[in-house]
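coords.cif follows; it contains mmCIF, C-alpha atoms.
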data_entry
#
loop_
_atom_site.label_atom_id
_atom_site.label_comp_id
_atom_site.auth_asym_id
_atom_site.auth_seq_id
_atom_site.Cartn_x
_atom_site.Cartn_y
_atom_site.Cartn_z
CA MET F 1 -13.34 -27.44 10.02
CA ASP F 2 -10.41 -26.14 7.93
CA LYS F 3 -8.62 -23.73 10.27
CA ASP F 4 -7.01 -21.81 7.39
CA ARG F 5 -10.35 -20.99 5.78
CA ARG F 6 -11.72 -20.13 9.22
CA LEU F 7 -8.85 -17.69 9.81
CA ALA F 8 -9.36 -16.16 6.35
CA PHE F 9 -13.03 -15.57 7.18
CA LEU F 10 -12.14 -13.94 10.52
CA ILE F 11 -9.58 -11.69 8.83
CA LEU F 12 -12.11 -10.54 6.21
CA LYS F 13 -14.60 -9.92 9.01
CA ASP F 14 -11.99 -7.88 10.89
CA ILE F 15 -11.29 -5.76 7.79
CA ASP F 16 -15.02 -5.08 7.29
CA LYS F 17 -16.10 -4.56 10.89
CA GLN F 18 -12.98 -2.86 12.33
CA ASN F 19 -11.80 -1.12 9.13
CA ALA F 20 -8.46 -2.89 9.73
CA TRP F 21 -5.60 -2.81 7.22
CA SER F 22 -5.36 -6.18 5.49
CA ASN F 23 -1.62 -6.62 6.05
CA LEU F 24 -1.87 -5.88 9.77
CA SER F 25 -4.88 -8.13 10.28
CA LEU F 26 -3.25 -10.96 8.33
CA ASN F 27 0.00 -10.70 10.26
CA GLY F 28 -1.85 -10.56 13.55
CA TYR F 29 -3.92 -13.70 12.96
CA ILE F 30 -1.13 -15.68 11.31
CA SER F 31 1.42 -14.84 14.00
CA GLY F 32 -0.91 -16.51 16.49
CA GLY F 33 0.58 -19.75 15.22
CA ASN F 34 -2.69 -21.55 14.47
CA ALA F 35 -2.34 -21.56 10.68
CA ASP F 36 -1.50 -24.71 8.73
CA SER F 37 -0.71 -22.74 5.56
CA PRO F 38 -0.11 -18.99 5.90
CA ALA F 39 0.41 -18.78 2.13
CA PHE F 40 -3.08 -20.22 1.51
CA ILE F 41 -4.63 -17.72 3.92
CA ARG F 42 -2.85 -14.77 2.33
CA GLU F 43 -3.86 -15.82 -1.18
CA LEU F 44 -7.48 -16.32 -0.17
CA VAL F 45 -7.78 -13.04 1.76
CA TYR F 46 -5.94 -10.91 -0.80
CA GLY F 47 -7.70 -12.71 -3.65
CA VAL F 48 -11.12 -11.87 -2.22
CA LEU F 49 -10.13 -8.26 -1.57
CA ARG F 50 -8.54 -7.73 -4.98
CA ASN F 51 -11.58 -9.16 -6.77
CA ARG F 52 -14.36 -8.21 -4.37
CA MET F 53 -16.49 -6.10 -6.70
CA LEU F 54 -16.21 -8.68 -9.48
CA LEU F 55 -17.19 -11.43 -7.03
CA ASP F 56 -20.13 -9.38 -5.73
CA TYR F 57 -21.37 -8.66 -9.24
CA ASN F 58 -21.47 -12.39 -9.94
CA ILE F 59 -22.86 -13.36 -6.54
CA ASP F 60 -25.75 -10.93 -7.04
CA GLY F 61 -26.63 -12.73 -10.27
CA PHE F 62 -27.48 -15.82 -8.24
CA LEU F 63 -29.56 -14.04 -5.59
CA LYS F 64 -33.26 -13.29 -5.58
CA LYS F 65 -32.54 -10.34 -3.26
CA PRO F 66 -29.04 -8.74 -3.21
CA SER F 67 -29.39 -7.51 0.39
CA ILE F 68 -27.72 -10.25 2.43
CA GLY F 69 -25.62 -10.00 5.59
CA ILE F 70 -21.91 -9.23 5.39
CA SER F 71 -20.92 -12.58 6.93
CA GLU F 72 -22.77 -14.71 4.37
CA ARG F 73 -21.55 -12.41 1.60
CA ASN F 74 -17.93 -12.89 2.73
CA LEU F 75 -18.46 -16.66 2.76
CA LEU F 76 -19.85 -16.53 -0.77
CA ARG F 77 -16.94 -14.34 -1.86
CA MET F 78 -14.52 -16.91 -0.45
CA GLY F 79 -16.37 -19.76 -2.16
CA PHE F 80 -16.66 -18.02 -5.54
CA TYR F 81 -12.99 -17.02 -5.46
CA GLN F 82 -11.85 -20.57 -4.73
CA LEU F 83 -14.10 -22.01 -7.43
CA ALA F 84 -13.28 -19.49 -10.16
CA LEU F 85 -9.82 -18.06 -9.54
CA MET F 86 -7.80 -20.09 -7.03
CA ASP F 87 -5.50 -22.76 -8.46
CA GLY F 88 -5.11 -26.11 -6.78
CA VAL F 89 -8.38 -26.06 -4.83
CA ALA F 90 -10.79 -28.94 -5.37
CA GLU F 91 -14.34 -27.76 -6.10
CA HIS F 92 -15.89 -30.10 -3.54
CA ALA F 93 -13.56 -28.75 -0.84
CA ALA F 94 -14.30 -25.14 -1.75
CA VAL F 95 -18.03 -25.78 -1.37
CA SER F 96 -18.10 -28.14 1.59
CA GLU F 97 -15.64 -26.19 3.75
CA THR F 98 -17.45 -22.92 3.06
CA VAL F 99 -20.74 -24.53 4.06
CA LYS F 100 -19.15 -25.75 7.31
CA LEU F 101 -18.14 -22.15 8.05
CA ALA F 102 -21.69 -21.02 7.37
CA GLU F 103 -22.97 -23.58 9.86
CA GLN F 104 -20.82 -21.98 12.58
CA PHE F 105 -20.88 -18.27 11.72
CA VAL F 106 -24.25 -17.62 10.03
CA LYS F 107 -26.84 -19.72 11.82
CA GLY F 108 -29.75 -20.72 9.66
CA LYS F 109 -27.97 -19.76 6.39
CA LYS F 110 -26.16 -23.04 5.72
CA ALA F 111 -28.68 -24.20 3.09
CA PHE F 112 -28.69 -20.78 1.41
CA VAL F 113 -24.88 -20.63 1.13
CA ASN F 114 -24.77 -24.21 -0.14
CA ALA F 115 -27.45 -23.55 -2.78
CA VAL F 116 -25.74 -20.43 -4.18
CA LEU F 117 -22.36 -22.16 -4.39
CA ARG F 118 -23.86 -25.25 -6.04
CA ASN F 119 -25.65 -23.08 -8.61
CA PHE F 120 -22.43 -21.23 -9.42
CA GLN F 121 -20.64 -24.58 -9.71
CA ARG F 122 -23.30 -25.90 -12.12
CA SER F 123 -22.94 -22.72 -14.22
CA GLY F 124 -19.30 -23.58 -14.90
CA CYS F 125 -17.67 -21.27 -12.33
CA LYS F 126 -17.16 -18.53 -14.91
CA LEU F 127 -17.10 -14.92 -13.74
CA LYS F 128 -18.88 -12.35 -15.89
CA THR F 129 -18.35 -8.59 -16.25
CA PRO F 130 -20.72 -5.83 -17.47
CA GLU F 131 -20.47 -5.14 -21.18
CA LYS F 132 -18.55 -2.00 -22.15
CA GLU F 133 -21.64 -0.77 -23.98
CA HIS F 134 -23.39 -0.44 -20.61
CA GLY F 135 -20.77 2.06 -19.43
CA TYR F 136 -17.00 1.93 -19.88
CA ILE F 137 -16.14 3.14 -16.36
CA LYS F 138 -18.60 0.65 -14.86
CA HIS F 139 -17.03 -2.12 -16.94
CA LEU F 140 -13.52 -1.26 -15.72
CA SER F 141 -14.70 -0.85 -12.14
CA VAL F 142 -16.28 -4.30 -11.93
CA LYS F 143 -13.70 -6.13 -14.05
CA TYR F 144 -10.80 -4.95 -11.88
CA SER F 145 -12.75 -4.44 -8.63
CA ALA F 146 -11.84 -0.79 -8.22
CA HIS F 147 -14.17 2.02 -7.18
CA GLU F 148 -15.54 3.95 -10.15
CA SER F 149 -13.84 7.12 -8.87
CA ILE F 150 -10.43 5.48 -9.36
CA ALA F 151 -11.26 4.15 -12.81
CA ARG F 152 -12.54 7.58 -13.83
CA LEU F 153 -9.56 9.48 -12.36
CA TRP F 154 -7.00 7.28 -14.13
CA THR F 155 -8.89 7.30 -17.42
CA GLU F 156 -8.92 11.10 -17.37
CA ALA F 157 -5.28 11.40 -16.25
CA TYR F 158 -3.62 8.67 -18.32
CA GLY F 159 -6.05 7.67 -21.08
CA LYS F 160 -8.03 4.45 -21.49
CA GLU F 161 -5.13 2.15 -22.33
CA GLN F 162 -2.84 3.20 -19.47
CA ALA F 163 -5.75 3.34 -17.03
CA GLU F 164 -6.79 -0.22 -17.79
CA GLU F 165 -3.21 -1.42 -17.44
CA LEU F 166 -2.93 0.29 -14.05
CA LEU F 167 -6.17 -1.36 -12.96
CA ARG F 168 -5.02 -4.75 -14.25
CA ILE F 169 -1.76 -4.51 -12.33
CA SER F 170 -3.64 -3.54 -9.18
CA ASN F 171 -4.98 -7.12 -9.16
CA THR F 172 -1.55 -8.76 -9.29
CA VAL F 173 0.78 -9.89 -6.52
CA PRO F 174 3.45 -7.23 -5.86
CA PRO F 175 7.12 -8.18 -6.14
CA LEU F 176 9.30 -8.49 -3.06
CA SER F 177 12.23 -6.05 -3.10
CA ILE F 178 15.00 -5.87 -0.54
CA ARG F 179 17.97 -3.67 0.21
CA ILE F 180 21.18 -4.96 1.77
CA ASN F 181 22.42 -3.09 4.85
CA PRO F 182 26.06 -2.11 4.16
CA LEU F 183 26.55 -1.25 7.84
CA LYS F 184 26.18 -4.92 8.81
CA ALA F 185 26.25 -7.23 5.79
CA PRO F 186 29.62 -8.34 4.36
CA ASP F 187 30.50 -7.69 0.72
CA GLY F 188 28.77 -10.09 -1.62
CA TYR F 189 26.17 -11.06 0.97
CA VAL F 190 23.00 -12.71 -0.39
CA PRO F 191 20.22 -13.62 2.06
CA GLN F 192 19.20 -17.27 2.07
CA SER F 193 15.66 -16.32 3.04
CA LEU F 194 13.73 -13.13 2.30
CA SER F 195 11.32 -13.65 5.17
CA ALA F 196 10.93 -11.06 7.91
CA ASP F 197 11.03 -14.03 10.29
CA SER F 198 14.55 -15.03 9.24
CA GLU F 199 17.51 -14.54 11.54
CA ASP F 200 19.31 -12.40 8.95
CA PHE F 201 16.38 -9.99 8.85
CA LYS F 202 16.09 -9.87 12.63
CA ASN F 203 19.83 -9.18 12.84
CA GLY F 204 19.52 -6.27 10.43
CA LEU F 205 21.42 -7.59 7.43
CA PHE F 206 18.68 -6.58 5.02
CA SER F 207 15.36 -4.73 4.82
CA ILE F 208 12.23 -5.15 2.71
CA GLN F 209 11.55 -1.98 0.73
CA ASP F 210 10.02 -1.37 -2.69
CA GLU F 211 12.34 -0.12 -5.43
CA ALA F 212 10.32 3.07 -5.96
CA SER F 213 10.69 4.02 -2.32
CA GLN F 214 14.43 3.31 -2.51
CA ARG F 215 14.69 5.42 -5.66
CA ALA F 216 13.25 8.46 -3.89
CA VAL F 217 15.95 8.30 -1.21
CA LYS F 218 18.71 7.76 -3.77
CA MET F 219 17.51 10.79 -5.70
CA LEU F 220 17.60 12.94 -2.56
CA ASP F 221 21.24 11.83 -2.20
CA PRO F 222 21.83 12.18 1.57
CA ARG F 223 25.59 12.34 2.26
CA PRO F 224 27.80 11.55 5.25
CA GLY F 225 27.94 14.40 7.76
CA GLU F 226 24.76 16.12 6.56
CA LEU F 227 21.66 17.10 8.50
CA MET F 228 18.54 15.52 7.01
CA LEU F 229 14.93 16.02 8.09
CA ASP F 230 12.31 13.36 7.32
CA LEU F 231 8.96 14.94 8.16
CA CYS F 232 6.55 12.01 7.63
CA ALA F 233 8.94 9.22 8.45
CA ALA F 234 7.12 6.22 9.95
CA PRO F 235 7.63 3.32 9.74
CA GLY F 236 11.17 4.47 8.96
CA GLY F 237 12.27 2.72 5.79
CA LYS F 238 13.40 5.89 4.01
CA SER F 239 15.13 7.36 7.07
CA CYS F 240 17.03 4.13 7.63
CA PHE F 241 18.06 3.82 3.98
CA ALA F 242 19.26 7.42 4.09
CA ALA F 243 21.34 6.60 7.19
CA GLU F 244 22.89 3.66 5.37
CA LEU F 245 23.79 5.90 2.41
CA MET F 246 25.27 8.41 4.89
CA LYS F 247 27.41 5.59 6.36
CA ASN F 248 25.81 6.32 9.72
CA GLU F 249 27.58 9.71 9.81
CA GLY F 250 25.67 12.96 10.32
CA GLN F 251 22.18 13.54 11.71
CA ILE F 252 18.69 12.50 10.67
CA LYS F 253 15.72 14.05 12.47
CA ALA F 254 12.72 11.81 11.79
CA PHE F 255 9.20 12.88 12.71
CA ASP F 256 5.76 11.36 12.68
CA LEU F 257 2.35 12.64 13.70
CA TYR F 258 1.88 9.80 16.19
CA GLU F 259 4.26 8.99 19.03
CA ALA F 260 3.74 5.24 18.71
CA ARG F 261 4.76 5.34 15.06
CA ALA F 262 7.84 7.37 15.92
CA GLY F 263 8.73 4.46 18.18
CA LEU F 264 8.60 2.16 15.14
CA ILE F 265 11.32 4.26 13.50
CA GLU F 266 13.59 3.89 16.54
CA LYS F 267 12.96 0.14 16.63
CA GLU F 268 13.87 -0.21 12.95
CA ALA F 269 17.03 1.88 13.36
CA LYS F 270 18.13 -0.30 16.28
CA ARG F 271 17.61 -3.48 14.22
CA LEU F 272 19.87 -2.08 11.50
CA GLY F 273 22.59 -0.79 13.83
CA ILE F 274 21.89 2.87 13.01
CA SER F 275 22.72 5.52 15.60
CA ILE F 276 22.23 8.84 13.75
CA ILE F 277 18.41 8.81 13.64
CA ASP F 278 16.56 10.82 16.27
CA ALA F 279 12.83 10.02 16.01
CA SER F 280 10.08 12.02 17.70
CA GLN F 281 6.42 13.01 17.44
CA HIS F 282 5.58 16.14 15.44
CA ASP F 283 2.90 17.45 13.09
CA ALA F 284 4.70 18.01 9.78
CA SER F 285 2.49 20.97 8.89
CA GLU F 286 3.65 22.92 11.98
CA PHE F 287 6.87 24.93 11.62
CA MET F 288 9.85 24.23 13.91
CA PRO F 289 11.87 27.50 14.06
CA GLU F 290 14.99 25.80 15.42
CA TYR F 291 15.52 24.10 12.05
CA GLU F 292 14.97 27.15 9.82
CA GLU F 293 17.48 26.97 6.92
CA GLN F 294 19.52 24.38 8.83
CA ALA F 295 18.98 21.20 6.80
CA ASP F 296 21.10 20.01 3.89
CA CYS F 297 18.18 17.94 2.65
CA VAL F 298 14.54 17.50 3.61
CA LEU F 299 12.23 14.64 2.71
CA CYS F 300 8.46 14.99 2.84
CA ASP F 301 6.81 11.74 1.78
CA VAL F 302 3.37 13.13 2.47
CA PRO F 303 0.10 11.44 3.43
CA CYS F 304 -1.73 10.57 0.22
CA SER F 305 -4.56 8.52 -1.27
CA GLY F 306 -2.24 5.51 -1.76
CA LEU F 307 -3.34 4.74 -5.31
CA GLY F 308 0.16 3.57 -6.21
CA VAL F 309 0.13 0.70 -3.72
CA LEU F 310 -3.23 -0.95 -4.44
CA ARG F 311 -1.52 -4.33 -4.86
CA ARG F 312 -0.27 -4.14 -1.28
CA LYS F 313 -3.39 -2.59 0.23
CA PRO F 314 -6.26 -3.79 -1.98
CA GLU F 315 -8.90 -2.45 0.40
CA ILE F 316 -8.00 1.06 -0.89
CA LYS F 317 -9.40 0.02 -4.29
CA LEU F 318 -12.86 -0.36 -2.79
CA ARG F 319 -13.09 3.17 -1.39
CA ASP F 320 -14.34 6.33 -3.06
CA ALA F 321 -11.17 8.26 -3.90
CA SER F 322 -12.89 11.50 -4.85
CA GLY F 323 -12.93 12.83 -1.27
CA ALA F 324 -9.22 12.22 -0.73
CA VAL F 325 -8.37 13.79 -4.07
CA LYS F 326 -10.19 16.96 -3.03
CA GLU F 327 -9.10 17.14 0.61
CA LEU F 328 -5.51 15.88 0.76
CA PRO F 329 -3.80 18.49 -1.48
CA ALA F 330 -4.42 21.24 1.10
CA LEU F 331 -2.52 19.27 3.76
CA GLN F 332 0.18 18.25 1.28
CA LYS F 333 0.75 21.89 0.30
CA ASP F 334 0.99 22.92 3.97
CA ILE F 335 3.62 20.25 4.63
CA LEU F 336 5.63 21.18 1.52
CA ARG F 337 5.59 24.90 2.35
CA THR F 338 6.72 24.14 5.89
CA ALA F 339 9.43 21.73 4.71
CA ALA F 340 10.87 24.35 2.37
CA ARG F 341 11.65 26.64 5.30
CA TYR F 342 14.10 24.11 6.73
CA VAL F 343 16.30 23.89 3.61
CA LYS F 344 19.54 25.85 3.65
CA PRO F 345 20.61 27.75 0.49
CA GLY F 346 21.73 25.24 -2.11
CA GLY F 347 20.02 22.40 -0.22
CA ARG F 348 17.67 19.72 -1.55
CA LEU F 349 13.95 19.28 -0.98
CA MET F 350 12.15 16.05 -1.89
CA TYR F 351 8.37 15.81 -2.28
CA SER F 352 7.06 12.30 -2.85
CA THR F 353 3.85 10.27 -2.67
CA CYS F 354 2.80 6.66 -3.24
CA THR F 355 -0.17 7.74 -5.33
CA LEU F 356 -0.89 8.19 -9.03
CA ASP F 357 -3.11 11.24 -8.83
CA PRO F 358 -1.97 14.46 -10.55
CA HIS F 359 -3.98 16.55 -8.05
CA GLU F 360 -1.73 15.28 -5.25
CA ASN F 361 1.46 15.22 -7.31
CA GLU F 362 2.30 17.60 -10.17
CA GLU F 363 -0.35 20.15 -9.25
CA VAL F 364 1.03 20.43 -5.71
CA THR F 365 4.65 20.93 -6.76
CA ARG F 366 3.79 23.28 -9.62
CA GLU F 367 1.80 25.56 -7.33
CA PHE F 368 4.59 25.48 -4.74
CA ILE F 369 7.31 26.41 -7.28
CA GLU F 370 5.23 29.28 -8.67
CA LYS F 371 4.35 30.76 -5.28
CA ASP F 372 7.60 30.21 -3.36
CA GLY F 373 10.11 31.48 -5.92
CA ASN F 374 13.16 30.07 -4.08
CA PHE F 375 13.19 26.56 -5.54
CA ALA F 376 13.72 24.96 -8.92
CA ILE F 377 12.76 21.43 -9.94
CA GLY F 378 15.80 19.26 -10.53
CA THR F 379 14.29 15.87 -11.28
CA GLU F 380 10.64 14.85 -11.46
CA GLU F 381 9.29 11.36 -12.13
CA THR F 382 5.98 9.55 -12.07
CA LEU F 383 6.78 5.86 -11.70
CA LEU F 384 4.07 3.63 -13.16
CA PRO F 385 4.14 0.00 -11.99
CA GLN F 386 3.82 -1.36 -15.53
CA GLU F 387 7.13 0.30 -16.41
CA GLY F 388 9.30 -1.56 -13.90
CA GLY F 389 7.34 -3.74 -11.52
CA HIS F 390 7.75 -1.30 -8.65
CA ASP F 391 4.95 0.50 -6.82
CA GLY F 392 3.30 3.55 -8.32
CA PHE F 393 5.18 6.59 -7.03
CA TYR F 394 5.70 10.29 -7.63
CA ILE F 395 9.09 11.89 -6.92
CA CYS F 396 10.03 15.54 -7.24
CA LEU F 397 13.50 16.75 -6.22
CA MET F 398 13.88 20.52 -5.85
CA ARG F 399 16.88 22.71 -5.05
CA LYS F 400 16.91 25.96 -3.15
CA ILE F 401 18.33 28.55 -5.51
CA ASN F 402 18.00 31.72 -3.42
#

What would the structure in this file look like if it were written as structure tokens?
Amino acid sequence: MDKDRRLAFLILKDIDKQNAWSNLSLNGYISGGNADSPAFIRELVYGVLRNRMLLDYNIDGFLKKPSIGISERNLLRMGFYQLALMDGVAEHAAVSETVKLAEQFVKGKKAFVNAVLRNFQRSGCKLKTPEKEHGYIKHLSVKYSAHESIARLWTEAYGKEQAEELLRISNTVPPLSIRINPLKAPDGYVPQSLSADSEDFKNGLFSIQDEASQRAVKMLDPRPGELMLDLCAAPGGKSCFAAELMKNEGQIKAFDLYEARAGLIEKEAKRLGISIIDASQHDASEFMPEYEEQADCVLCDVPCSGLGVLRRKPEIKLRDASGAVKELPALQKDILRTAARYVKPGGRLMYSTCTLDPHENEEVTREFIEKDGNFAIGTEETLLPQEGGHDGFYICLMRKIN
């Protein structure tokens, strides 16, 4: 049996049964060292996740009864994806290797899986989508494999054209962006490998961080000698970039809700040779009186629905976003109000998210500015991925004027 396809099946099972994040599950299985081609596994797993609703719509067209077990459905998803969308895969291998998996993992379903795949193969391996006339949101949802709540939210917020472009991009492979660590890397340094397994990465010469995330830190403009608070800091990319901009001079207090994740920040700082970050566990919505009006700058990159990073976490596309859109703003507002109390007069306050939902972005900052009265918006940006290749991101820099 093809061990790479077997690992891909186990990863998809892990994501479904354990509600695991795709990137963590992939890294966990691949790091076990049993993979012949990690790139093949990643493409197959992410391809199935990014196109799952489209695959299911087409699979159901070949079934007499759509209610089949999750294991055989995942096998059919893998087979349909390889046959219709995966370059360089021979049709006979896509079918035969999937059938071998069925023989091991879904006893008694081998003939069923084989028959469905053969029928799809005979049909020409073409994936169909619902006609727009049968419902525009439904059409978008199936075509781009995103929950209808996301398609509806973006259509209302950005219009049909922008919404469809956002959904299209959510199905693409995200770019890899890095930042060079000036505390360790010599002038003119260019990494020979961009892998997190490379010696240069392990030695802290560079980090992997999306350009939108880097832009938020640059806009906050942390300076040598300042006190900065990062209230939702794990896994630590923004705190560490801020420390690099500060030339490792000053203080950064980095907090996360979970102690284990605070430990990730310390581990990352150590890799990069940073000594000014003090990471600890804390609930960002709870006020710390010892820091009242003490900070030169405060960053609150708040928990959000994650709709700006669907390319990196495609399982988010499959979830109903309406609940998060309703529930998260209350927490985001609490964190922002608390963060504001730490900023000294004339200091900077950054509110950012990796989502493209006005309820979690502009509406939060507008309400805060109106009710607080001590801050003014300096720079505000909604970064759409189609405009620069970066993740979707919202950034709002405010200054304390009172």

Which residues come within 9 Å of Leu85 of chain F, counting all atoms listed in the file, excluding same-chain residues fewer than 4 positions away, as an mmCIF file with C-alpha atoms, in the frame of the given file?
data_model
loop_
_atom_site.group_PDB
_atom_site.id
_atom_site.type_symbol
_atom_site.label_atom_id
_atom_site.label_comp_id
_atom_site.auth_asym_id
_atom_site.auth_seq_id
_atom_site.Cartn_x
_atom_site.Cartn_y
_atom_site.Cartn_z
ATOM 1 C CA GLY F 47 -7.700 -12.710 -3.650
ATOM 2 C CA PHE F 80 -16.660 -18.020 -5.540
ATOM 3 C CA TYR F 81 -12.990 -17.020 -5.460
ATOM 4 C CA CYS F 125 -17.670 -21.270 -12.330
ATOM 5 C CA LEU F 127 -17.100 -14.920 -13.740
#

Within 12 Å of Arg168 of chain F, counting all atoms listed in the file, which residues show up once you throw out same-chain ones fewer than 6 positions away? Write them as a PyMOL selection string, please. chain F and resi 50-51+140-146+151+161-162+310-311+317+385-386

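Nearest to Lys184 of chain F of all the residues F:Pro130, F:Gly28, F:Pro289, F:Gly273 is F:Gly273, based on only C-alpha atoms.
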
Running the PyMOL selection byres ((chain F and resi 274) around 12) on this model by hand, what would come out? Give it as a PyMOL selection string. chain F and resi 181-184+204-205+236+239-252+265-273+275-279

Selected by the PyMOL selection byres ((chain F and resi 137) around 12) in the shown coordinates: which residues, as a ChimeraX atom specification? /F:129-136,138-156,160,163-164,167

Please determine the residues with any atom at most 12 Å from (22.3, -15.1, 3.2) (coordinates as given in the file, with all atoms listed in the file counting) and report them as a PyMOL selection string. chain F and resi 180+185-195+198-201+203-206

Can I get the selected residues back with C-alpha atoms, as a short mmCIF file (atom, residue, chain, number, x, y, z; two decimals), keeping the file's coordinate frame?
data_model
loop_
_atom_site.label_atom_id
_atom_site.label_comp_id
_atom_site.auth_asym_id
_atom_site.auth_seq_id
_atom_site.Cartn_x
_atom_site.Cartn_y
_atom_site.Cartn_z
CA ILE F 180 21.18 -4.96 1.77
CA ALA F 185 26.25 -7.23 5.79
CA PRO F 186 29.62 -8.34 4.36
CA ASP F 187 30.50 -7.69 0.72
CA GLY F 188 28.77 -10.09 -1.62
CA TYR F 189 26.17 -11.06 0.97
CA VAL F 190 23.00 -12.71 -0.39
CA PRO F 191 20.22 -13.62 2.06
CA GLN F 192 19.20 -17.27 2.07
CA SER F 193 15.66 -16.32 3.04
CA LEU F 194 13.73 -13.13 2.30
CA SER F 195 11.32 -13.65 5.17
CA SER F 198 14.55 -15.03 9.24
CA GLU F 199 17.51 -14.54 11.54
CA ASP F 200 19.31 -12.40 8.95
CA PHE F 201 16.38 -9.99 8.85
CA ASN F 203 19.83 -9.18 12.84
CA GLY F 204 19.52 -6.27 10.43
CA LEU F 205 21.42 -7.59 7.43
CA PHE F 206 18.68 -6.58 5.02
#

Once the PyMOL selection byres ((chain F and resi 369) around 12) is applied to the coordinates I shared, what remains selected? I want it as a VMD selection string. chain F and resid 333 336 to 337 340 349 351 362 to 368 370 to 378 396 to 401

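Here atom CA of Lys238 of chain F stands at a distance of 21.5 Å from atom CA of Phe287 of chain F.
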
Using all atoms listed in the file, which residues sit within 8 Å of Leu76 of chain F once same-chain residues fewer than 6 positions away are excluded, as a PDB file with C-alpha atoms, in the frame of the given file?
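Writing done, so here's selection12.pdb:
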ATOM      1  CA  ILE F  59     -22.860 -13.360  -6.540  1.00  0.00           C
ATOM      2  CA  THR F  98     -17.450 -22.920   3.060  1.00  0.00           C
ATOM      3  CA  VAL F 113     -24.880 -20.630   1.130  1.00  0.00           C
ATOM      4  CA  VAL F 116     -25.740 -20.430  -4.180  1.00  0.00           C
ATOM      5  CA  LEU F 117     -22.360 -22.160  -4.390  1.00  0.00           C
TER       6      LEU F 117
END

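If you measure from each of F:Asp14, F:Leu54, F:Asp4, F:Pro175 to Asp36 of chain F using only C-alpha atoms, the closest one turns out to be F:Asp4.
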
Distance atom CA of Glu315 of chain F-atom CA of Phe9 of chain F, one decimal place? 15.3 Å

Taking (2.1, 8.5, -7.5) as a centre in this file's frame and 12 Å as the limit, can you find every polymer residue with an atom that close, using only C-alpha atoms, and give them as a PyMOL selection string? chain F and resi 154+157+166+212-213+216+301-310+351-362+380-385+390-396

What separates atom CA of Leu83 of chain F and atom CA of Asp320 of chain F is a distance of 28.7 Å

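Remark: for Leu26 of chain F, the closest of the candidate residues F:Phe40, F:Ala8, F:Asn74, F:Arg341 is F:Ala8 (distances computed over only C-alpha atoms).
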
Non-local contacts of Asp283 of chain F (8 Å; all atoms listed in the file; under 3 positions in same chain excluded) as a list in words: Phe255, Asp256, Leu257 and Glu286 of chain F

Would you mind exporting C-alpha atoms of the selected residues as a compact mmCIF listing (two decimals), in the frame of the given file?
# COMPACT_ATOMS: atom_id res chain seq x y z
CA PHE F 255 9.20 12.88 12.71
CA ASP F 256 5.76 11.36 12.68
CA LEU F 257 2.35 12.64 13.70
CA GLU F 286 3.65 22.92 11.98

N, CA and C atoms modelled onto segment 297-308 of chain F, as a compact mmCIF listing (two decimals), in the frame of the given file:
# COMPACT_ATOMS: atom_id res chain seq x y z
N CYS F 297 19.23 18.54 3.48
CA CYS F 297 18.18 17.94 2.65
C CYS F 297 16.97 17.62 3.52
N VAL F 298 15.79 17.74 2.91
CA VAL F 298 14.54 17.50 3.61
C VAL F 298 13.67 16.59 2.74
N LEU F 299 13.13 15.57 3.39
CA LEU F 299 12.23 14.64 2.71
C LEU F 299 10.83 14.79 3.27
N CYS F 300 9.86 15.02 2.40
CA CYS F 300 8.46 14.99 2.84
C CYS F 300 7.70 14.02 1.95
N ASP F 301 7.60 12.80 2.43
CA ASP F 301 6.81 11.74 1.78
C ASP F 301 5.42 11.83 2.40
N VAL F 302 4.58 12.64 1.80
CA VAL F 302 3.37 13.13 2.47
C VAL F 302 2.24 12.10 2.51
N PRO F 303 1.31 12.27 3.45
CA PRO F 303 0.10 11.44 3.43
C PRO F 303 -0.62 11.61 2.10
N CYS F 304 -1.11 10.50 1.54
CA CYS F 304 -1.73 10.57 0.22
C CYS F 304 -2.83 9.51 0.10
N SER F 305 -3.46 9.46 -1.05
CA SER F 305 -4.56 8.52 -1.27
C SER F 305 -4.09 7.09 -1.48
N GLY F 306 -2.78 6.86 -1.69
CA GLY F 306 -2.24 5.51 -1.76
C GLY F 306 -2.58 4.74 -3.02
N LEU F 307 -2.92 5.44 -4.10
CA LEU F 307 -3.34 4.74 -5.31
C LEU F 307 -2.19 4.06 -6.05
N GLY F 308 -0.97 4.27 -5.60
CA GLY F 308 0.16 3.57 -6.21
C GLY F 308 0.47 2.24 -5.56
